[in-house]
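Here's model10.cif, which has mmCIF, C-alpha atoms:
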data_input
loop_
_atom_site.label_atom_id
_atom_site.label_comp_id
_atom_site.auth_asym_id
_atom_site.auth_seq_id
_atom_site.Cartn_x
_atom_site.Cartn_y
_atom_site.Cartn_z
CA GLU V 17 0.00 0.00 0.00
CA GLY V 18 2.94 2.31 -0.49
CA PRO V 19 6.15 3.11 1.37
CA SER V 20 6.34 2.30 5.08
CA PRO V 21 8.38 3.70 7.93
CA ILE V 22 11.48 1.53 8.15
CA VAL V 23 13.97 0.39 10.76
CA LEU V 24 17.50 -0.34 9.58
CA LEU V 25 18.54 -3.07 12.03
CA VAL V 26 22.36 -3.25 12.07
CA HIS V 27 24.09 -6.36 13.39
CA GLY V 28 26.89 -6.22 15.92
CA GLY V 29 30.38 -7.58 15.68
CA PRO V 30 31.04 -6.18 13.17
CA TRP V 31 32.75 -9.45 12.30
CA ALA V 32 29.47 -11.35 12.44
CA ARG V 33 26.40 -11.57 10.19
CA ASP V 34 22.63 -11.67 9.95
CA TYR V 35 21.13 -15.04 9.01
CA PHE V 36 18.05 -16.00 7.04
CA GLY V 37 15.17 -17.07 9.24
CA PHE V 38 13.07 -15.87 12.15
CA ASN V 39 14.37 -12.76 13.89
CA PRO V 40 12.41 -11.61 16.94
CA SER V 41 13.39 -7.96 16.56
CA ALA V 42 12.39 -7.87 12.90
CA GLN V 43 9.08 -9.57 13.76
CA TRP V 44 8.47 -7.08 16.57
CA PHE V 45 9.09 -4.09 14.30
CA ALA V 46 6.88 -5.54 11.57
CA ASN V 47 4.09 -6.06 14.09
CA ARG V 48 4.34 -2.39 15.06
CA GLY V 49 4.04 -1.25 11.45
CA TYR V 50 7.64 -0.87 10.31
CA ALA V 51 9.47 -2.43 7.41
CA THR V 52 12.77 -3.86 8.67
CA LEU V 53 16.03 -3.91 6.73
CA GLN V 54 19.04 -6.03 7.67
CA VAL V 55 22.30 -5.73 5.75
CA ASN V 56 25.41 -7.91 5.72
CA PHE V 57 27.67 -4.97 4.92
CA ARG V 58 31.29 -5.36 3.85
CA GLY V 59 33.27 -6.76 6.77
CA SER V 60 30.52 -9.22 7.73
CA THR V 61 31.45 -12.88 8.06
CA GLY V 62 30.20 -15.83 6.02
CA TYR V 63 31.05 -14.55 2.54
CA GLY V 64 34.73 -15.42 2.36
CA LYS V 65 37.98 -13.78 3.39
CA SER V 66 37.93 -11.19 0.60
CA PHE V 67 34.52 -9.85 1.63
CA LEU V 68 35.55 -9.84 5.29
CA HIS V 69 38.66 -7.77 4.59
CA LYS V 70 36.78 -5.31 2.40
CA GLY V 71 35.69 -3.87 5.75
CA ASP V 72 39.25 -3.19 6.91
CA LYS V 73 39.70 0.48 7.86
CA GLN V 74 36.17 1.20 6.60
CA TRP V 75 34.40 2.12 9.83
CA GLY V 76 32.13 5.14 10.03
CA VAL V 77 32.99 7.08 6.92
CA GLY V 78 34.03 4.12 4.77
CA ASP V 79 32.42 1.28 2.85
CA MET V 80 30.91 -0.48 5.86
CA GLN V 81 28.71 2.53 6.53
CA HIS V 82 28.25 3.28 2.83
CA ASP V 83 26.68 -0.17 2.40
CA LEU V 84 24.07 0.70 5.03
CA THR V 85 23.37 4.04 3.38
CA SER V 86 23.07 2.39 -0.03
CA ALA V 87 20.67 -0.21 1.32
CA VAL V 88 18.37 2.45 2.73
CA ASN V 89 18.46 4.36 -0.56
CA TRP V 90 17.64 1.12 -2.39
CA ALA V 91 14.62 0.54 -0.15
CA ILE V 92 13.46 4.09 -0.84
CA GLU V 93 13.92 3.72 -4.62
CA GLN V 94 11.97 0.43 -4.55
CA GLY V 95 9.03 2.13 -2.86
CA ILE V 96 9.47 0.04 0.30
CA ALA V 97 10.69 2.76 2.66
CA ASP V 98 9.23 6.17 3.41
CA PRO V 99 12.25 8.47 3.01
CA ASP V 100 10.97 10.75 5.76
CA ASN V 101 10.65 7.99 8.34
CA VAL V 102 13.85 5.96 8.64
CA CYS V 103 15.32 4.81 11.94
CA ILE V 104 18.77 3.27 12.41
CA TYR V 105 18.91 0.78 15.27
CA GLY V 106 21.71 -1.45 16.53
CA GLY V 107 23.69 -2.87 19.42
CA SER V 108 27.44 -2.96 20.01
CA TYR V 109 28.95 -2.33 16.55
CA GLY V 110 25.36 -1.75 15.41
CA GLY V 111 25.14 0.97 18.05
CA TYR V 112 28.29 2.53 16.66
CA ALA V 113 26.77 2.36 13.18
CA CYS V 114 23.69 4.13 14.54
CA LEU V 115 25.84 6.95 15.90
CA ALA V 116 27.84 7.08 12.66
CA GLY V 117 24.64 7.23 10.62
CA LEU V 118 23.28 10.13 12.65
CA THR V 119 26.56 12.06 12.45
CA PHE V 120 27.86 11.28 8.97
CA THR V 121 24.56 10.98 7.05
CA PRO V 122 22.19 13.04 9.21
CA GLU V 123 19.83 13.79 6.33
CA LEU V 124 18.91 10.11 6.01
CA TYR V 125 17.53 9.30 9.46
CA LYS V 126 14.49 10.46 11.42
CA CYS V 127 15.79 8.92 14.66
CA GLY V 128 18.24 6.40 16.06
CA VAL V 129 18.49 3.76 18.80
CA ASP V 130 21.97 2.95 20.10
CA VAL V 131 22.40 -0.01 22.47
CA VAL V 132 25.85 -0.35 24.06
CA GLY V 133 27.55 1.33 21.10
CA PRO V 134 31.00 3.00 21.28
CA SER V 135 31.25 6.70 20.50
CA ASN V 136 35.04 7.12 20.54
CA ILE V 137 37.09 4.27 19.08
CA LYS V 138 40.30 5.20 20.89
CA THR V 139 38.68 5.20 24.32
CA LEU V 140 36.87 1.97 23.39
CA LEU V 141 40.14 0.15 22.69
CA ASP V 142 41.88 1.70 25.69
CA SER V 143 39.25 0.22 28.01
CA ILE V 144 38.67 -3.26 26.56
CA PRO V 145 38.66 -6.17 29.03
CA ASP V 146 41.78 -8.24 29.68
CA TYR V 147 40.44 -11.19 27.71
CA TRP V 148 40.30 -8.99 24.58
CA LYS V 149 43.84 -7.61 24.90
CA PRO V 150 45.48 -10.46 22.91
CA ILE V 151 43.41 -9.43 19.87
CA ARG V 152 43.84 -5.67 20.29
CA ASN V 153 46.50 -5.45 17.57
CA ASP V 154 44.26 -7.44 15.24
CA MET V 155 41.46 -4.96 15.93
CA LEU V 156 43.79 -2.07 15.10
CA LEU V 157 44.64 -3.73 11.78
CA LYS V 158 40.95 -4.07 10.95
CA ILE V 159 39.72 -0.73 12.30
CA GLY V 160 42.78 1.46 11.65
CA ASP V 161 45.56 2.89 13.79
CA VAL V 162 43.59 4.97 16.26
CA ASP V 163 46.56 4.74 18.64
CA GLY V 164 49.06 6.45 16.38
CA ASP V 165 46.79 8.58 14.21
CA GLU V 166 44.67 10.96 16.29
CA GLU V 167 43.20 12.59 13.18
CA PHE V 168 41.97 9.22 11.91
CA ASN V 169 40.34 8.45 15.26
CA ARG V 170 38.57 11.80 15.25
CA LYS V 171 37.46 11.16 11.68
CA ILE V 172 35.68 7.87 12.45
CA SER V 173 34.48 8.55 16.02
CA PRO V 174 30.95 10.00 16.22
CA LEU V 175 31.75 11.81 19.48
CA PHE V 176 33.74 14.41 17.56
CA HIS V 177 30.88 15.08 15.11
CA VAL V 178 27.97 15.57 17.50
CA ASP V 179 27.20 18.98 16.00
CA SER V 180 26.06 17.19 12.83
CA ILE V 181 23.31 15.22 14.58
CA LYS V 182 19.82 16.40 13.63
CA ALA V 183 17.68 13.44 14.75
CA PRO V 184 16.66 12.38 18.26
CA LEU V 185 18.59 9.50 19.79
CA LEU V 186 17.68 6.84 22.36
CA ILE V 187 20.62 5.22 24.17
CA GLY V 188 20.51 2.01 26.20
CA GLN V 189 23.56 1.03 28.25
CA GLY V 190 24.58 -1.48 30.91
CA ALA V 191 26.69 -0.05 33.73
CA ASN V 192 28.64 -3.31 34.03
CA ASP V 193 29.51 -3.62 30.35
CA PRO V 194 33.10 -4.95 30.17
CA ARG V 195 33.49 -4.39 26.43
CA VAL V 196 31.84 -1.03 25.72
CA LYS V 197 32.13 0.84 29.00
CA GLN V 198 29.46 3.16 30.33
CA ALA V 199 31.75 6.09 29.52
CA GLU V 200 31.10 5.54 25.80
CA ALA V 201 27.39 6.28 26.34
CA ASP V 202 28.00 8.99 28.94
CA GLN V 203 30.27 11.07 26.78
CA ILE V 204 28.02 11.31 23.75
CA ALA V 205 24.78 11.63 25.75
CA PHE V 206 26.06 14.50 27.89
CA THR V 207 27.65 16.20 24.88
CA MET V 208 24.33 16.08 23.02
CA LYS V 209 22.52 17.38 26.08
CA GLU V 210 24.92 20.32 26.40
CA LYS V 211 24.34 21.20 22.75
CA GLY V 212 20.57 20.97 23.01
CA ILE V 213 20.26 17.92 20.74
CA PRO V 214 17.41 15.56 21.76
CA CYS V 215 18.74 12.49 23.56
CA GLU V 216 17.15 9.95 25.90
CA TYR V 217 19.62 7.91 27.91
CA VAL V 218 18.59 4.80 29.87
CA LEU V 219 21.18 3.11 32.09
CA TYR V 220 20.71 -0.28 33.75
CA PRO V 221 23.10 -0.69 36.71
CA ASP V 222 22.81 -4.49 36.79
CA GLU V 223 23.40 -5.15 33.08
CA GLY V 224 26.47 -5.64 30.93
CA HIS V 225 26.98 -5.84 27.16
CA GLY V 226 23.30 -6.08 26.33
CA PHE V 227 20.33 -6.71 28.60
CA ALA V 228 19.91 -10.13 30.20
CA ARG V 229 17.30 -9.66 32.93
CA PRO V 230 13.76 -10.09 31.51
CA GLU V 231 12.45 -7.11 33.47
CA ASN V 232 15.06 -4.82 31.95
CA ARG V 233 14.56 -6.19 28.45
CA ILE V 234 10.82 -5.60 28.65
CA ASP V 235 11.41 -2.15 30.10
CA PHE V 236 13.82 -1.06 27.40
CA ASN V 237 11.73 -2.54 24.58
CA GLY V 238 8.74 -0.64 25.90
CA ARG V 239 10.75 2.57 25.81
CA VAL V 240 11.97 1.76 22.29
CA GLU V 241 8.52 1.23 20.82
CA LYS V 242 7.24 4.39 22.52
CA PHE V 243 10.22 6.27 21.01
CA LEU V 244 9.61 4.78 17.56
CA ALA V 245 5.89 5.53 17.68
CA GLU V 246 6.65 9.15 18.56
CA HIS V 247 9.08 9.63 15.70
CA LEU V 248 7.98 7.13 13.02
CA GLY V 249 4.26 6.88 13.79
CA GLY V 250 3.86 3.12 14.28
CA ARG V 251 1.89 1.26 16.91
CA ALA V 252 2.93 0.97 20.54
CA GLU V 253 1.50 -0.61 23.65
CA GLU V 254 0.82 1.77 26.49
CA PHE V 255 4.02 1.97 28.48
CA ASP V 256 3.89 1.19 32.19
CA GLU V 257 6.80 1.04 34.58
CA VAL V 258 8.04 -2.55 34.73
CA GLU V 259 8.22 -4.00 38.22
CA GLY V 260 11.76 -5.14 38.95
CA ALA V 261 13.37 -3.10 36.17
CA THR V 262 16.34 -1.01 37.26
CA ALA V 263 16.28 1.78 34.67
CA GLN V 264 18.16 4.94 35.61
CA PHE V 265 18.30 8.22 33.71
CA PRO V 266 21.70 9.94 34.00
CA LEU V 267 20.71 13.02 31.99
CA LEU V 268 17.65 13.68 34.14
CA GLU V 269 19.55 12.95 37.34
CA LYS V 270 22.29 15.40 36.36
CA ALA V 271 19.70 18.09 35.58
CA MET V 272 18.00 17.56 38.94
CA GLU V 273 21.36 17.73 40.72
CA ARG V 274 22.09 21.07 39.11
CA LYS V 275 18.68 22.42 40.17
CA ARG V 276 19.33 21.41 43.78
CA LYS V 277 22.58 23.37 43.74
#
For this file, produce the structure as structure tokens.
Amino acid sequence: EGPSPIVLLVHGGPWARDYFGFNPSAQWFANRGYATLQVNFRGSTGYGKSFLHKGDKQWGVGDMQHDLTSAVNWAIEQGIADPDNVCIYGGSYGGYACLAGLTFTPELYKCGVDVVGPSNIKTLLDSIPDYWKPIRNDMLLKIGDVDGDEEFNRKISPLFHVDSIKAPLLIGQGANDPRVKQAEADQIAFTMKEKGIPCEYVLYPDEGHGFARPENRIDFNGRVEKFLAEHLGGRAEEFDEVEGATAQFPLLEKAMERKRK
């Protein structure tokens, strides 16, 4: 019946892939009235070594992100997607891709949802857990030398391009995340707040890299569909506080602290 609002659902990794078959997130979005687009961009696994390495040094402003942009434009050209109602959504690397999409191609997206996504690649790699340290050099080869090239890090890190963001952002973060530390969410959320750019930031103190407790998953999903309904116009259940959920709101808490002073 014509173009639909669409959610670009970006997989994490990035050295991973989306598979054919049932996907609960895609089914959820479809039920709420959104087309859902998943892309195995360059750098994804499962297509051979050549395809995997086509993602080397292509984060943010390179081919990995260009593939996502091209896929959205394809969906628009095919009459599938409403060009005025596109959301980019992802976790971990997908969260980074969300931030990159909002900063580097701000004209394309109506809103974004970032779950445990890094905002500054140098600070991400400087704070990785001990069990990742043996592969740190491999990550530098794939991402690029953010240690030795400060300009390159600034080029690919969304934190340094916040002024370009035009669309509202919802951030979900676990305070105990050992891979993408809370600081990655804090720094971009508070920077957006200071610049008057719409940002909702939900922190779960008992979660890590993603949300494991059912109460917190239900809570965050409720907040997501309310956010999407507000900005894309789809359906949403009435949101009620979830008993047992531990959601905290650092931006609101900071504002209240300032008022008390």
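Going from atom CA of Thr52 of chain V to atom CA of Ile22 of chain V covers 5.6 Å.
Take the PyMOL selection byres ((chain V and resi 86) around 12) and apply it to this file: it picks Leu24, Leu53, Val55, Phe57, Arg58, Asp79, Met80, Gln81, His82, Asp83, Leu84, Thr85, Ala87, Val88, Asn89, Trp90, Ala91, Ile92, Glu93, Gly117, Thr121 and Leu124 of chain V.
Across the structure, atom CA of Asp163 of chain V and atom CA of Lys149 of chain V are spaced 14.1 Å apart.
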**Message:** as JSON, numbers by chain, please: the residues near Asn192 of chain V (cut-off 6 Å, all atoms listed in the file, same-chain neighbours under 2 positions excluded).
**Reply:** {"V": [190, 223, 224]}
Just to be explicit: take each residue in the selection above, keep C-alpha atoms, and write the result as a CSV table (one decimal), keeping the file's coordinate frame.
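This is the output file again_5.csv:
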chain,number,residue,atom,x,y,z
V,190,GLY,CA,24.6,-1.5,30.9
V,223,GLU,CA,23.4,-5.2,33.1
V,224,GLY,CA,26.5,-5.6,30.9
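The smallest atom-to-atom distance between Leu156 of chain V and any of V:Ala245, V:Leu140, V:Val258, V:Val240, using only C-alpha atoms, is found for V:Leu140.
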Given the PyMOL selection byres ((chain V and resi 252) around 12), the residues it picks as a CSV table (one decimal) with C-alpha atoms, in the frame of the given file:
chain,number,residue,atom,x,y,z
V,44,TRP,CA,8.5,-7.1,16.6
V,45,PHE,CA,9.1,-4.1,14.3
V,46,ALA,CA,6.9,-5.5,11.6
V,47,ASN,CA,4.1,-6.1,14.1
V,48,ARG,CA,4.3,-2.4,15.1
V,49,GLY,CA,4.0,-1.2,11.4
V,50,TYR,CA,7.6,-0.9,10.3
V,237,ASN,CA,11.7,-2.5,24.6
V,238,GLY,CA,8.7,-0.6,25.9
V,239,ARG,CA,10.8,2.6,25.8
V,240,VAL,CA,12.0,1.8,22.3
V,241,GLU,CA,8.5,1.2,20.8
V,242,LYS,CA,7.2,4.4,22.5
V,243,PHE,CA,10.2,6.3,21.0
V,244,LEU,CA,9.6,4.8,17.6
V,245,ALA,CA,5.9,5.5,17.7
V,246,GLU,CA,6.6,9.2,18.6
V,247,HIS,CA,9.1,9.6,15.7
V,248,LEU,CA,8.0,7.1,13.0
V,249,GLY,CA,4.3,6.9,13.8
V,250,GLY,CA,3.9,3.1,14.3
V,251,ARG,CA,1.9,1.3,16.9
V,253,GLU,CA,1.5,-0.6,23.6
V,254,GLU,CA,0.8,1.8,26.5
V,255,PHE,CA,4.0,2.0,28.5
V,256,ASP,CA,3.9,1.2,32.2
**Asked** Which residues come within 8 Å of Ala205 of chain V, counting all atoms listed in the file, excluding same-chain residues fewer than 5 positions away, as a VMD selection string?
**Response** chain V and resid 187 215 to 217 267
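Take the candidates V:Ala97, V:Leu68, V:Leu115, V:Ile181 and check each one against Val132 of chain V using all atoms listed in the file; the shortest distance goes to V:Leu115.
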**Request:** Can you turn the PyMOL selection byres ((chain V and resi 201) around 9) into a concrete residue list for this file, as a PyMOL selection string?
**Result:** chain V and resi 130-135+187-189+196-200+202-206+217
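Counting all atoms listed in the file and comparing V:Ala116, V:Ile137, V:Ile104, V:Ile234, the residue that lies closest to Arg170 of chain V is V:Ile137.
Atom to atom, atom CA of Val162 of chain V and atom CA of Ala183 of chain V stand 27.3 Å apart.
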With only C-alpha atoms as the counted atoms, please give the residues lying no more than 12 Å from Arg152 of chain V, apart from itself and same-chain residues fewer than 5 positions off, as a PDB file with C-alpha atoms, keeping the file's coordinate frame.
ATOM      1  CA  LYS V 138      40.300   5.200  20.890  1.00  0.00           C
ATOM      2  CA  LEU V 140      36.870   1.970  23.390  1.00  0.00           C
ATOM      3  CA  LEU V 141      40.140   0.150  22.690  1.00  0.00           C
ATOM      4  CA  ASP V 142      41.880   1.700  25.690  1.00  0.00           C
ATOM      5  CA  SER V 143      39.250   0.220  28.010  1.00  0.00           C
ATOM      6  CA  ILE V 144      38.670  -3.260  26.560  1.00  0.00           C
ATOM      7  CA  PRO V 145      38.660  -6.170  29.030  1.00  0.00           C
ATOM      8  CA  ASP V 146      41.780  -8.240  29.680  1.00  0.00           C
ATOM      9  CA  TYR V 147      40.440 -11.190  27.710  1.00  0.00           C
ATOM     10  CA  LEU V 157      44.640  -3.730  11.780  1.00  0.00           C
ATOM     11  CA  LYS V 158      40.950  -4.070  10.950  1.00  0.00           C
ATOM     12  CA  ILE V 159      39.720  -0.730  12.300  1.00  0.00           C
ATOM     13  CA  GLY V 160      42.780   1.460  11.650  1.00  0.00           C
ATOM     14  CA  ASP V 161      45.560   2.890  13.790  1.00  0.00           C
ATOM     15  CA  VAL V 162      43.590   4.970  16.260  1.00  0.00           C
ATOM     16  CA  ASP V 163      46.560   4.740  18.640  1.00  0.00           C
TER      17      ASP V 163
END
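Among V:Tyr35, V:Tyr125, V:Tyr105, V:Phe120, the residue with the shortest atom-to-atom distance to Ile172 of chain V, counting all atoms listed in the file, is V:Phe120.
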**Message:** I'd like to know which of V:Ala271, V:Val23, V:Leu219, V:Ala228 is closest to Ala191 of chain V, using only C-alpha atoms.
**Reply:** V:Leu219
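Residue nearest Gly107 of chain V within the list V:Ala32, V:Leu268, V:Val129, V:Met155: V:Val129 [criterion: smallest interatomic distance, all atoms listed in the file].
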Cut-off 8 Å around (28.4, 0.0, 15.8) with only C-alpha atoms: residues as a PDB file with C-alpha atoms, keeping the file's coordinate frame:
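Full text of out_6.pdb as output:
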ATOM      1  CA  VAL V  26      22.360  -3.250  12.070  1.00  0.00           C
ATOM      2  CA  GLY V  28      26.890  -6.220  15.920  1.00  0.00           C
ATOM      3  CA  GLY V  29      30.380  -7.580  15.680  1.00  0.00           C
ATOM      4  CA  PRO V  30      31.040  -6.180  13.170  1.00  0.00           C
ATOM      5  CA  GLY V 106      21.710  -1.450  16.530  1.00  0.00           C
ATOM      6  CA  GLY V 107      23.690  -2.870  19.420  1.00  0.00           C
ATOM      7  CA  SER V 108      27.440  -2.960  20.010  1.00  0.00           C
ATOM      8  CA  TYR V 109      28.950  -2.330  16.550  1.00  0.00           C
ATOM      9  CA  GLY V 110      25.360  -1.750  15.410  1.00  0.00           C
ATOM     10  CA  GLY V 111      25.140   0.970  18.050  1.00  0.00           C
ATOM     11  CA  TYR V 112      28.290   2.530  16.660  1.00  0.00           C
ATOM     12  CA  ALA V 113      26.770   2.360  13.180  1.00  0.00           C
ATOM     13  CA  CYS V 114      23.690   4.130  14.540  1.00  0.00           C
ATOM     14  CA  LEU V 115      25.840   6.950  15.900  1.00  0.00           C
ATOM     15  CA  ALA V 116      27.840   7.080  12.660  1.00  0.00           C
ATOM     16  CA  GLY V 133      27.550   1.330  21.100  1.00  0.00           C
ATOM     17  CA  PRO V 134      31.000   3.000  21.280  1.00  0.00           C
TER      18      PRO V 134
END
**Prompt:** Could you name the residues that touch Pro19 of chain V at 6 Å or less, counting only C-alpha atoms, but leaving out those on the same chain fewer than 3 positions away, as a PyMOL selection string?
**Reply:** chain V and resi 95-98
Using the incomplete input, complete segment 155-174 of chain V to the level of N, CA, C and O atoms; output as a PDB file, in the coordinates of the input.
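File produced: part_21.pdb:
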ATOM      1  N   MET V 155      42.532  -5.946  16.069  1.00  0.00           N
ATOM      2  CA  MET V 155      41.460  -4.960  15.930  1.00  0.00           C
ATOM      3  C   MET V 155      41.986  -3.668  15.311  1.00  0.00           C
ATOM      4  O   MET V 155      41.314  -3.056  14.481  1.00  0.00           O
ATOM      5  N   LEU V 156      43.199  -3.283  15.695  1.00  0.00           N
ATOM      6  CA  LEU V 156      43.790  -2.070  15.100  1.00  0.00           C
ATOM      7  C   LEU V 156      44.027  -2.257  13.612  1.00  0.00           C
ATOM      8  O   LEU V 156      43.845  -1.320  12.825  1.00  0.00           O
ATOM      9  N   LEU V 157      44.437  -3.467  13.205  1.00  0.00           N
ATOM     10  CA  LEU V 157      44.640  -3.730  11.780  1.00  0.00           C
ATOM     11  C   LEU V 157      43.328  -3.630  11.013  1.00  0.00           C
ATOM     12  O   LEU V 157      43.299  -3.155   9.869  1.00  0.00           O
ATOM     13  N   LYS V 158      42.243  -4.073  11.628  1.00  0.00           N
ATOM     14  CA  LYS V 158      40.950  -4.070  10.950  1.00  0.00           C
ATOM     15  C   LYS V 158      40.267  -2.703  11.000  1.00  0.00           C
ATOM     16  O   LYS V 158      39.619  -2.287  10.037  1.00  0.00           O
ATOM     17  N   ILE V 159      40.393  -2.022  12.134  1.00  0.00           N
ATOM     18  CA  ILE V 159      39.720  -0.730  12.300  1.00  0.00           C
ATOM     19  C   ILE V 159      40.565   0.403  11.720  1.00  0.00           C
ATOM     20  O   ILE V 159      40.054   1.308  11.049  1.00  0.00           O
ATOM     21  N   GLY V 160      41.864   0.372  11.997  1.00  0.00           N
ATOM     22  CA  GLY V 160      42.780   1.460  11.650  1.00  0.00           C
ATOM     23  C   GLY V 160      43.546   1.878  12.891  1.00  0.00           C
ATOM     24  O   GLY V 160      43.145   1.586  14.024  1.00  0.00           O
ATOM     25  N   ASP V 161      44.653   2.566  12.688  1.00  0.00           N
ATOM     26  CA  ASP V 161      45.560   2.890  13.790  1.00  0.00           C
ATOM     27  C   ASP V 161      45.074   4.095  14.576  1.00  0.00           C
ATOM     28  O   ASP V 161      45.599   5.210  14.443  1.00  0.00           O
ATOM     29  N   VAL V 162      44.096   3.874  15.439  1.00  0.00           N
ATOM     30  CA  VAL V 162      43.590   4.970  16.260  1.00  0.00           C
ATOM     31  C   VAL V 162      44.562   5.322  17.389  1.00  0.00           C
ATOM     32  O   VAL V 162      44.439   6.378  18.016  1.00  0.00           O
ATOM     33  N   ASP V 163      45.529   4.438  17.642  1.00  0.00           N
ATOM     34  CA  ASP V 163      46.560   4.740  18.640  1.00  0.00           C
ATOM     35  C   ASP V 163      47.531   5.800  18.126  1.00  0.00           C
ATOM     36  O   ASP V 163      47.828   6.773  18.815  1.00  0.00           O
ATOM     37  N   GLY V 164      48.017   5.584  16.913  1.00  0.00           N
ATOM     38  CA  GLY V 164      49.060   6.450  16.380  1.00  0.00           C
ATOM     39  C   GLY V 164      48.572   7.593  15.514  1.00  0.00           C
ATOM     40  O   GLY V 164      49.346   8.489  15.172  1.00  0.00           O
ATOM     41  N   ASP V 165      47.325   7.571  15.129  1.00  0.00           N
ATOM     42  CA  ASP V 165      46.790   8.580  14.210  1.00  0.00           C
ATOM     43  C   ASP V 165      45.547   9.230  14.837  1.00  0.00           C
ATOM     44  O   ASP V 165      44.415   8.775  14.645  1.00  0.00           O
ATOM     45  N   GLU V 166      45.774  10.284  15.596  1.00  0.00           N
ATOM     46  CA  GLU V 166      44.670  10.960  16.290  1.00  0.00           C
ATOM     47  C   GLU V 166      43.654  11.520  15.309  1.00  0.00           C
ATOM     48  O   GLU V 166      42.447  11.473  15.555  1.00  0.00           O
ATOM     49  N   GLU V 167      44.122  12.027  14.184  1.00  0.00           N
ATOM     50  CA  GLU V 167      43.200  12.590  13.180  1.00  0.00           C
ATOM     51  C   GLU V 167      42.268  11.522  12.640  1.00  0.00           C
ATOM     52  O   GLU V 167      41.083  11.763  12.430  1.00  0.00           O
ATOM     53  N   PHE V 168      42.807  10.316  12.409  1.00  0.00           N
ATOM     54  CA  PHE V 168      41.970   9.220  11.910  1.00  0.00           C
ATOM     55  C   PHE V 168      40.911   8.844  12.947  1.00  0.00           C
ATOM     56  O   PHE V 168      39.741   8.623  12.601  1.00  0.00           O
ATOM     57  N   ASN V 169      41.316   8.771  14.214  1.00  0.00           N
ATOM     58  CA  ASN V 169      40.340   8.450  15.260  1.00  0.00           C
ATOM     59  C   ASN V 169      39.228   9.488  15.306  1.00  0.00           C
ATOM     60  O   ASN V 169      38.043   9.143  15.421  1.00  0.00           O
ATOM     61  N   ARG V 170      39.587  10.748  15.224  1.00  0.00           N
ATOM     62  CA  ARG V 170      38.570  11.800  15.250  1.00  0.00           C
ATOM     63  C   ARG V 170      37.662  11.715  14.022  1.00  0.00           C
ATOM     64  O   ARG V 170      36.464  12.008  14.099  1.00  0.00           O
ATOM     65  N   LYS V 171      38.222  11.272  12.921  1.00  0.00           N
ATOM     66  CA  LYS V 171      37.460  11.160  11.680  1.00  0.00           C
ATOM     67  C   LYS V 171      36.359  10.114  11.780  1.00  0.00           C
ATOM     68  O   LYS V 171      35.235  10.315  11.272  1.00  0.00           O
ATOM     69  N   ILE V 172      36.636   8.988  12.444  1.00  0.00           N
ATOM     70  CA  ILE V 172      35.680   7.870  12.450  1.00  0.00           C
ATOM     71  C   ILE V 172      34.853   7.791  13.739  1.00  0.00           C
ATOM     72  O   ILE V 172      33.942   6.965  13.818  1.00  0.00           O
ATOM     73  N   SER V 173      35.175   8.621  14.737  1.00  0.00           N
ATOM     74  CA  SER V 173      34.480   8.550  16.020  1.00  0.00           C
ATOM     75  C   SER V 173      33.344   9.559  16.078  1.00  0.00           C
ATOM     76  O   SER V 173      33.583  10.774  16.034  1.00  0.00           O
ATOM     77  N   PRO V 174      32.111   9.086  16.217  1.00  0.00           N
ATOM     78  CA  PRO V 174      30.950  10.000  16.220  1.00  0.00           C
ATOM     79  C   PRO V 174      31.015  11.088  17.287  1.00  0.00           C
ATOM     80  O   PRO V 174      30.455  12.173  17.093  1.00  0.00           O
TER      81      PRO V 174
END
